[in-house]
$ cat coords-v3.txt   # compact mmCIF, C-alpha atoms
# COMPACT_ATOMS: atom_id res chain seq x y z
CA MET A 1 147.29 137.29 135.21
CA GLU A 2 149.62 140.00 133.94
CA PRO A 3 149.19 141.46 130.42
CA GLY A 4 151.19 139.49 127.91
CA SER A 5 151.63 136.51 130.26
CA ASP A 6 149.11 134.23 128.55
CA ASP A 7 150.75 130.85 127.93
CA LEU A 8 148.81 128.62 125.53
CA ALA A 9 151.23 125.68 125.54
CA LEU A 10 148.99 123.42 127.63
CA GLU A 11 145.88 124.30 125.65
CA ARG A 12 147.52 123.63 122.30
CA VAL A 13 148.19 120.08 123.43
CA ALA A 14 145.00 119.47 125.41
CA PHE A 15 142.69 120.88 122.71
CA ASP A 16 144.09 118.53 120.06
CA VAL A 17 141.09 116.21 119.74
CA LYS A 18 143.03 113.90 117.41
CA ARG A 19 145.81 113.34 119.93
CA GLU A 20 146.06 109.89 121.48
CA GLY A 21 144.84 110.15 125.04
CA PHE A 22 142.69 113.22 124.40
CA ASP A 23 140.49 113.89 127.45
CA LEU A 24 137.51 116.20 126.99
CA PHE A 25 137.09 116.86 130.70
CA ARG A 26 140.74 117.80 131.28
CA ALA A 27 140.62 120.05 128.22
CA ALA A 28 137.48 121.76 129.53
CA CYS A 29 139.13 122.24 132.93
CA LEU A 30 141.96 124.18 131.26
CA VAL A 31 139.51 126.87 130.13
CA SER A 32 139.74 128.21 133.69
CA ARG A 33 143.25 129.39 132.80
CA VAL A 34 141.62 132.32 131.02
CA ALA A 35 141.29 133.80 134.50
CA ASP A 36 143.87 131.83 136.47
CA GLN A 37 146.98 130.30 134.93
CA THR A 38 147.47 128.19 138.07
CA ALA A 39 144.13 126.38 137.77
CA ASP A 40 144.56 122.87 139.21
CA VAL A 41 143.13 120.40 136.70
CA GLN A 42 144.19 117.34 138.69
CA SER A 43 142.15 118.41 141.72
CA SER A 44 139.04 118.55 139.55
CA VAL A 45 139.82 115.12 138.10
CA GLU A 46 140.16 113.70 141.61
CA VAL A 47 136.74 115.04 142.58
CA ILE A 48 135.24 113.33 139.53
CA GLU A 49 136.94 110.06 140.43
CA ARG A 50 135.65 110.18 144.01
CA TRP A 51 132.11 110.81 142.85
CA ALA A 52 132.37 108.06 140.23
CA ASP A 53 133.41 105.57 142.93
CA LEU A 54 130.14 106.29 144.73
CA VAL A 55 128.10 105.89 141.55
CA ARG A 56 129.66 102.71 140.19
CA PRO A 57 127.60 99.74 141.46
CA ALA A 58 129.34 96.47 142.27
CA SER A 59 126.65 94.59 140.34
CA GLY A 60 127.44 96.39 137.09
CA ASN A 61 123.72 97.10 136.59
CA VAL A 62 123.60 100.04 134.17
CA SER A 63 120.05 101.09 135.06
CA ASP A 64 120.95 101.13 138.74
CA ALA A 65 124.08 103.15 137.99
CA ARG A 66 122.06 105.77 136.12
CA VAL A 67 119.81 106.23 139.13
CA ARG A 68 122.81 106.42 141.44
CA LEU A 69 124.48 108.98 139.15
CA VAL A 70 121.51 111.34 139.14
CA HIS A 71 120.90 110.89 142.87
CA HIS A 72 124.51 111.47 143.86
CA LEU A 73 125.17 114.50 141.65
CA PHE A 74 121.91 116.34 142.04
CA ILE A 75 120.70 115.31 145.49
CA ASP A 76 123.79 114.37 147.49
CA GLN A 77 126.16 116.90 145.87
CA ARG A 78 123.37 119.37 145.03
CA LEU A 79 124.67 120.38 141.63
CA ARG A 80 122.24 122.85 140.15
CA GLY A 81 121.76 125.42 137.44
CA ASP A 82 121.34 129.10 138.18
CA VAL A 83 119.99 131.52 135.58
CA THR A 84 121.38 134.48 137.54
CA LEU A 85 124.91 133.36 136.62
CA GLN A 86 124.59 134.10 132.90
CA ASP A 87 127.18 136.88 133.07
CA GLU A 88 129.44 135.16 135.59
CA PRO A 89 132.53 133.51 134.01
CA THR A 90 133.05 131.25 137.02
CA ALA A 91 129.79 129.50 136.15
CA LEU A 92 131.64 128.12 133.10
CA PHE A 93 134.89 127.19 134.87
CA ILE A 94 134.81 123.52 135.85
CA ASP A 95 136.89 123.92 139.01
CA ARG A 96 134.75 126.78 140.28
CA VAL A 97 131.50 124.95 139.52
CA LEU A 98 132.77 121.91 141.45
CA GLU A 99 133.42 124.23 144.41
CA SER A 100 130.15 126.15 144.33
CA ARG A 101 127.93 123.35 142.94
CA ARG A 102 126.29 126.00 140.76
CA GLY A 103 126.84 126.60 137.08
CA LEU A 104 125.57 126.96 133.54
CA PRO A 105 124.31 124.08 131.36
CA ILE A 106 127.51 123.21 129.51
CA ALA A 107 129.72 123.15 132.63
CA LEU A 108 127.23 121.05 134.59
CA SER A 109 126.85 118.72 131.61
CA LEU A 110 130.60 118.21 131.24
CA ILE A 111 130.86 117.34 134.92
CA THR A 112 127.98 114.88 134.63
CA LEU A 113 129.52 113.35 131.52
CA ALA A 114 132.90 112.95 133.21
CA VAL A 115 131.42 111.22 136.27
CA ALA A 116 129.33 108.90 134.09
CA GLU A 117 132.32 107.89 131.99
CA ALA A 118 134.57 107.42 135.03
CA ALA A 119 131.90 105.17 136.54
CA GLY A 120 131.83 103.06 133.39
CA LEU A 121 128.50 104.37 132.09
CA PRO A 122 128.16 105.02 128.35
CA ALA A 123 127.33 108.71 127.87
CA PHE A 124 127.76 111.49 125.36
CA PRO A 125 127.30 115.28 125.12
CA VAL A 126 124.28 116.79 123.38
CA ALA A 127 124.92 120.37 122.24
CA LEU A 128 121.54 121.77 121.21
CA PRO A 129 121.07 125.24 119.72
CA GLN A 130 119.55 126.68 122.91
CA HIS A 131 120.62 124.24 125.60
CA PHE A 132 123.14 121.58 126.58
CA LEU A 133 122.22 118.07 127.75
CA ILE A 134 123.76 114.66 128.36
CA GLY A 135 122.75 111.41 126.75
CA LEU A 136 123.06 108.42 129.10
CA GLY A 137 123.45 105.21 127.16
CA ARG A 138 124.65 104.48 123.68
CA HIS A 139 123.52 106.36 120.60
CA GLU A 140 121.10 103.61 119.64
CA SER A 141 119.41 103.55 123.08
CA PHE A 142 119.68 106.38 125.59
CA VAL A 143 117.89 108.75 127.94
CA LEU A 144 118.43 112.51 127.94
CA VAL A 145 119.36 114.20 131.21
CA ASP A 146 119.23 117.93 131.90
CA PRO A 147 121.92 118.73 134.49
CA PHE A 148 120.83 122.37 134.59
CA ALA A 149 117.38 121.22 135.77
CA GLY A 150 118.71 119.07 138.59
CA GLY A 151 119.22 115.92 136.56
CA ARG A 152 115.72 115.84 135.14
CA LEU A 153 115.06 113.02 132.68
CA LEU A 154 113.51 114.54 129.56
CA LYS A 155 110.76 113.33 127.31
CA LEU A 156 110.99 114.16 123.62
CA GLU A 157 108.44 116.95 123.91
CA ASP A 158 110.48 118.46 126.75
CA VAL A 159 113.56 118.50 124.54
CA PHE A 160 111.68 120.22 121.73
CA ALA A 161 110.38 122.86 124.15
CA ILE A 162 113.80 123.93 125.47
CA SER A 163 116.29 123.08 122.76
CA GLY A 164 115.72 124.97 119.54
CA VAL A 165 115.07 121.74 117.61
CA SER A 166 111.59 120.53 116.75
CA THR A 167 112.05 117.17 115.06
CA VAL A 168 113.67 113.83 115.82
CA GLU A 169 115.89 114.37 112.78
CA GLY A 170 117.02 117.72 114.17
CA LEU A 171 117.86 116.11 117.50
CA ALA A 172 119.81 113.35 115.79
CA GLU A 173 121.74 115.94 113.77
CA ALA A 174 122.59 117.90 116.92
CA ILE A 175 123.81 114.75 118.65
CA GLY A 176 125.96 113.82 115.68
CA ALA A 177 127.46 117.31 115.59
CA SER A 178 128.36 117.32 119.31
CA THR A 179 131.98 116.39 118.67
CA PRO A 180 134.68 117.18 121.26
CA ASP A 181 136.08 120.10 119.28
CA ARG A 182 132.63 121.64 118.86
CA VAL A 183 131.85 121.12 122.54
CA LEU A 184 135.03 122.93 123.57
CA MET A 185 134.39 125.69 121.05
CA ARG A 186 130.86 126.04 122.44
CA LEU A 187 132.29 126.41 125.95
CA LEU A 188 134.68 129.10 124.73
CA ALA A 189 131.94 130.85 122.75
CA ASN A 190 129.76 131.01 125.86
CA LEU A 191 132.67 132.47 127.81
CA HIS A 192 133.33 134.93 124.96
CA ALA A 193 129.72 136.13 125.15
CA CYS A 194 129.95 136.48 128.91
CA TYR A 195 133.10 138.62 128.85
CA LEU A 196 131.74 140.64 125.93
CA ARG A 197 128.63 141.55 127.92
CA ARG A 198 130.83 142.47 130.89
CA GLY A 199 133.23 144.49 128.75
CA ASP A 200 136.29 142.67 130.15
CA ARG A 201 138.86 143.14 127.40
CA GLY A 202 141.81 141.24 128.87
CA PRO A 203 139.96 137.94 129.44
CA LEU A 204 138.21 138.40 126.11
CA VAL A 205 141.57 138.49 124.33
CA ARG A 206 142.58 135.29 126.09
CA VAL A 207 139.34 133.56 125.12
CA LEU A 208 139.84 134.58 121.48
CA SER A 209 143.38 133.16 121.59
CA ARG A 210 141.94 129.79 122.59
CA MET A 211 139.18 129.94 119.99
CA LEU A 212 141.85 130.52 117.36
CA ILE A 213 143.45 127.19 118.30
CA PHE A 214 140.33 125.56 116.89
CA ASP A 215 139.51 128.00 114.11
CA ALA A 216 142.67 129.67 112.87
CA ARG A 217 141.08 130.41 109.49
CA ASN A 218 138.39 132.59 111.02
CA ALA A 219 139.28 136.14 110.00
CA GLY A 220 136.64 137.53 112.35
CA LEU A 221 138.40 136.10 115.39
CA TRP A 222 141.75 137.57 114.34
CA LEU A 223 140.21 140.99 113.75
CA GLN A 224 138.27 140.97 117.01
CA ARG A 225 141.50 140.26 118.85
CA ALA A 226 143.31 142.94 116.83
CA GLN A 227 140.77 145.56 117.86
CA LEU A 228 140.98 144.59 121.53
CA ARG A 229 144.77 144.57 121.48
CA MET A 230 144.84 147.98 119.85
CA GLU A 231 142.51 149.35 122.55
CA ASP A 232 144.92 147.97 125.17
CA ALA A 233 147.90 149.62 123.42
CA ASP A 234 149.33 146.28 122.27
CA PHE A 235 150.01 147.70 118.83
CA THR A 236 152.49 145.01 117.79
CA GLY A 237 150.04 142.26 118.68
CA ALA A 238 147.22 144.06 116.88
CA ALA A 239 149.33 144.48 113.74
CA ASP A 240 150.25 140.79 113.80
CA ASP A 241 146.56 139.86 114.05
CA VAL A 242 145.64 142.08 111.11
CA GLN A 243 148.42 140.47 109.09
CA GLN A 244 147.09 137.02 109.95
CA ALA A 245 143.58 138.07 108.91
CA ARG A 246 144.83 139.47 105.61
CA GLN A 247 146.26 136.06 104.73
CA LEU A 248 142.67 134.74 104.68
CA PRO A 249 139.90 135.53 102.21
CA LEU A 250 138.45 138.89 103.27
CA GLU A 251 135.43 140.61 101.83
CA GLY A 252 132.58 142.87 102.86
CA ASP A 253 132.53 143.97 106.49
CA TRP A 254 135.66 142.04 107.48
CA LEU A 255 137.68 143.70 104.72
CA ARG A 256 136.51 147.10 105.92
CA VAL A 257 137.37 146.21 109.53
CA ALA A 258 140.87 145.08 108.51
CA ASP A 259 141.45 148.29 106.56
CA ASP A 260 140.12 150.41 109.43
CA VAL A 261 142.31 148.75 112.07
CA ALA A 262 145.35 149.00 109.80
CA ARG A 263 144.71 152.72 109.24
CA ARG A 264 144.31 153.38 112.95
CA LEU A 265 147.49 151.48 113.76
CA ASP A 266 149.37 153.44 111.10
CA ALA A 267 148.08 156.72 112.53
CA LEU A 268 149.07 155.68 116.06
CA ALA A 269 152.55 154.74 114.84
CA LYS A 270 152.99 158.27 113.49
CA THR A 271 151.75 159.91 116.68
CA PRO A 272 154.54 161.16 118.99
CA GLN A 273 154.60 159.10 122.17

$ encode --input "coords-v3.txt" --output "structure tokens"
Amino acid sequence: MEPGSDDLALERVAFDVKREGFDLFRAACLVSRVADQTADVQSSVEVIERWADLVRPASGNVSDARVRLVHHLFIDQRLRGDVTLQDEPTALFIDRVLESRRGLPIALSLITLAVAEAAGLPAFPVALPQHFLIGLGRHESFVLVDPFAGGRLLKLEDVFAISGVSTVEGLAEAIGASTPDRVLMRLLANLHACYLRRGDRGPLVRVLSRMLIFDARNAGLWLQRAQLRMEDADFTGAADDVQQARQLPLEGDWLRVADDVARRLDALAKTPQ
């Protein structure tokens, strides 16, 4: 992807969770465009549909379908988590995880969720503070599945041990807060952390651009992008980001960051090129 070529038109539509026909899986697939603008979402959807056909039982027995889902994804297809991929962006890209069968919790969970829904199984995402799971069933009666652990069915004490929540009320709150926009923002935040650890500025700028679709009133995101753009000599883009940030309430550290970036941009503008 060439500098300045980032096209957010598809994401602005796909990330609109209030849009009729919103599809969480397709939206998540588009995150791969951070690295590859030609990412083929439809191919990923077709894989999900093929797998769902093998999970969906003719009898319509939900319990049987749950067993078939776990067996097909984690035994037949050998989806699995891999802790060594923490700093690997492809472990968060749906298309790449479908190819490699290896990924991080949120990507594996979104794949599992998509197959379940395509097979006609009620399911929902569970974004916990320290992990990501899938609930199979309806909110009033469900089982929790850990795709990162090979489709393991979790007991309540297991959830408490790995999740960052310690009460039933905390679990219920996390489930209620696992809305599509927060799930997508969590996926982007994980990718942001990955690129930050790797020091990859270009992809980091593109991730921030997508995070701003969801949270345009977050001055910190604007100023992070401004700093990165300035470091990449995109002074016009950096100045625009600072201006956007200044239209929001700024105080404390963020005000100092805005002033510092503005001063540096002003100094660079006065430096002979």

$ closest_residue --input "coords-v3.txt" --among "A:Val13, A:Gly150, A:Leu92, A:Glu20" --to "A:Arg78" --atoms "only C-alpha atoms"
A:Gly150

$ residues_around --input "coords-v3.txt" --residues "A:Phe74" --least-positions-apart "6" --cutoff "9 Å" --atoms "all atoms listed in the file" --output "VMD selection string"
chain A and resid 80 147 150 to 151

$ closest_residue --input "coords-v3.txt" --among "A:Leu223, A:Val257, A:Ala233, A:Ala127" --to "A:Met185" --atoms "only C-alpha atoms"
A:Ala127

$ closest_residue --input "coords-v3.txt" --among "A:Gly120, A:Leu10, A:Arg102, A:Asp40" --to "A:Asn61" --atoms "only C-alpha atoms"
A:Gly120

$ closest_residue --input "coords-v3.txt" --among "A:Gly170, A:Pro249, A:Gly176, A:Gly21" --to "A:Ala219" --atoms "all atoms listed in the file"
A:Pro249

$ residues_around --input "coords-v3.txt" --residues "A:Pro129" --least-positions-apart "5" --cutoff "10 Å" --atoms "all atoms listed in the file" --output "list in words"
Ile162, Ser163, Gly164, Val165, Leu171 and Ala174 of chain A

$ write_last_selection --input "coords-v3.txt" --atoms "C-alpha atoms" --output "mmCIF file, in the coordinates of the input"
data_model
loop_
_atom_site.group_PDB
_atom_site.id
_atom_site.type_symbol
_atom_site.label_atom_id
_atom_site.label_comp_id
_atom_site.auth_asym_id
_atom_site.auth_seq_id
_atom_site.Cartn_x
_atom_site.Cartn_y
_atom_site.Cartn_z
ATOM 1 C CA ILE A 162 113.800 123.930 125.470
ATOM 2 C CA SER A 163 116.290 123.080 122.760
ATOM 3 C CA GLY A 164 115.720 124.970 119.540
ATOM 4 C CA VAL A 165 115.070 121.740 117.610
ATOM 5 C CA LEU A 171 117.860 116.110 117.500
ATOM 6 C CA ALA A 174 122.590 117.900 116.920
#

$ residues_around --input "coords-v3.txt" --residues "stretch 241-245 of chain A" --least-positions-apart "2" --cutoff "6 Å" --atoms "only C-alpha atoms" --output "list in words"
Ala219, Trp222, Ala226, Ala238, Ala239, Gln247 and Leu248 of chain A

$ atom_distance --input "coords-v3.txt" --atom1 "atom CA of A:Val168" --atom2 "atom CA of A:Gly137"
17.3 Å

$ atom_distance --input "coords-v3.txt" --atom1 "atom CA of A:Ala123" --atom2 "atom CA of A:Leu136"
4.5 Å

$ axis_aligned_box --input "coords-v3.txt" --around "stretch 10-21 of chain A" --padding-each-side "3 Å" --output "AutoDock Vina command-line options"
--center_x 145.0 --center_y 117.1 --center_z 122.5 --size_x 13.9 --size_y 20.4 --size_z 16.2

$ closest_residue --input "coords-v3.txt" --among "A:Arg186, A:Arg217, A:Arg152, A:Arg138" --to "A:Ala107" --atoms "all atoms listed in the file"
A:Arg186

$ atom_distance --input "coords-v3.txt" --atom1 "atom CA of A:Arg33" --atom2 "atom CA of A:Ile106"
17.2 Å

$ closest_residue --input "coords-v3.txt" --among "A:Arg263, A:Arg246, A:Lys155, A:Arg198" --to "A:Gly220" --atoms "all atoms listed in the file"
A:Arg246

$ residues_near_point --input "coords-v3.txt" --point "(114.9, 114.8, 131.6)" --cutoff "12 Å" --atoms "only C-alpha atoms" --output "list in words"
Val70, Phe132, Leu133, Ile134, Gly135, Leu136, Phe142, Val143, Leu144, Val145, Asp146, Pro147, Phe148, Ala149, Gly150, Gly151, Arg152, Leu153, Leu154, Lys155, Leu156, Glu157, Asp158, Val159, Phe160, Ala161 and Ile162 of chain A

$ residues_around --input "coords-v3.txt" --residues "A:Ile94" --least-positions-apart "3" --cutoff "9 Å" --atoms "only C-alpha atoms" --output "list in words"
Phe25, Ala28, Cys29, Leu30, Val31, Ser32, Val41, Ser44, Thr90, Ala91, Val97, Leu98, Glu99, Gly103, Ala107, Leu108, Leu110 and Ile111 of chain A

$ residues_around --input "coords-v3.txt" --residues "A:Thr179" --least-positions-apart "4" --cutoff "9 Å" --atoms "all atoms listed in the file" --output "list in words"
Pro125, Ala127, Ile175, Val183 and Leu184 of chain A

$ write_last_selection --input "coords-v3.txt" --atoms "C-alpha atoms" --output "mmCIF file, in the frame of the given file"
data_model
loop_
_atom_site.group_PDB
_atom_site.id
_atom_site.type_symbol
_atom_site.label_atom_id
_atom_site.label_comp_id
_atom_site.auth_asym_id
_atom_site.auth_seq_id
_atom_site.Cartn_x
_atom_site.Cartn_y
_atom_site.Cartn_z
ATOM 1 C CA PRO A 125 127.300 115.280 125.120
ATOM 2 C CA ALA A 127 124.920 120.370 122.240
ATOM 3 C CA ILE A 175 123.810 114.750 118.650
ATOM 4 C CA VAL A 183 131.850 121.120 122.540
ATOM 5 C CA LEU A 184 135.030 122.930 123.570
#
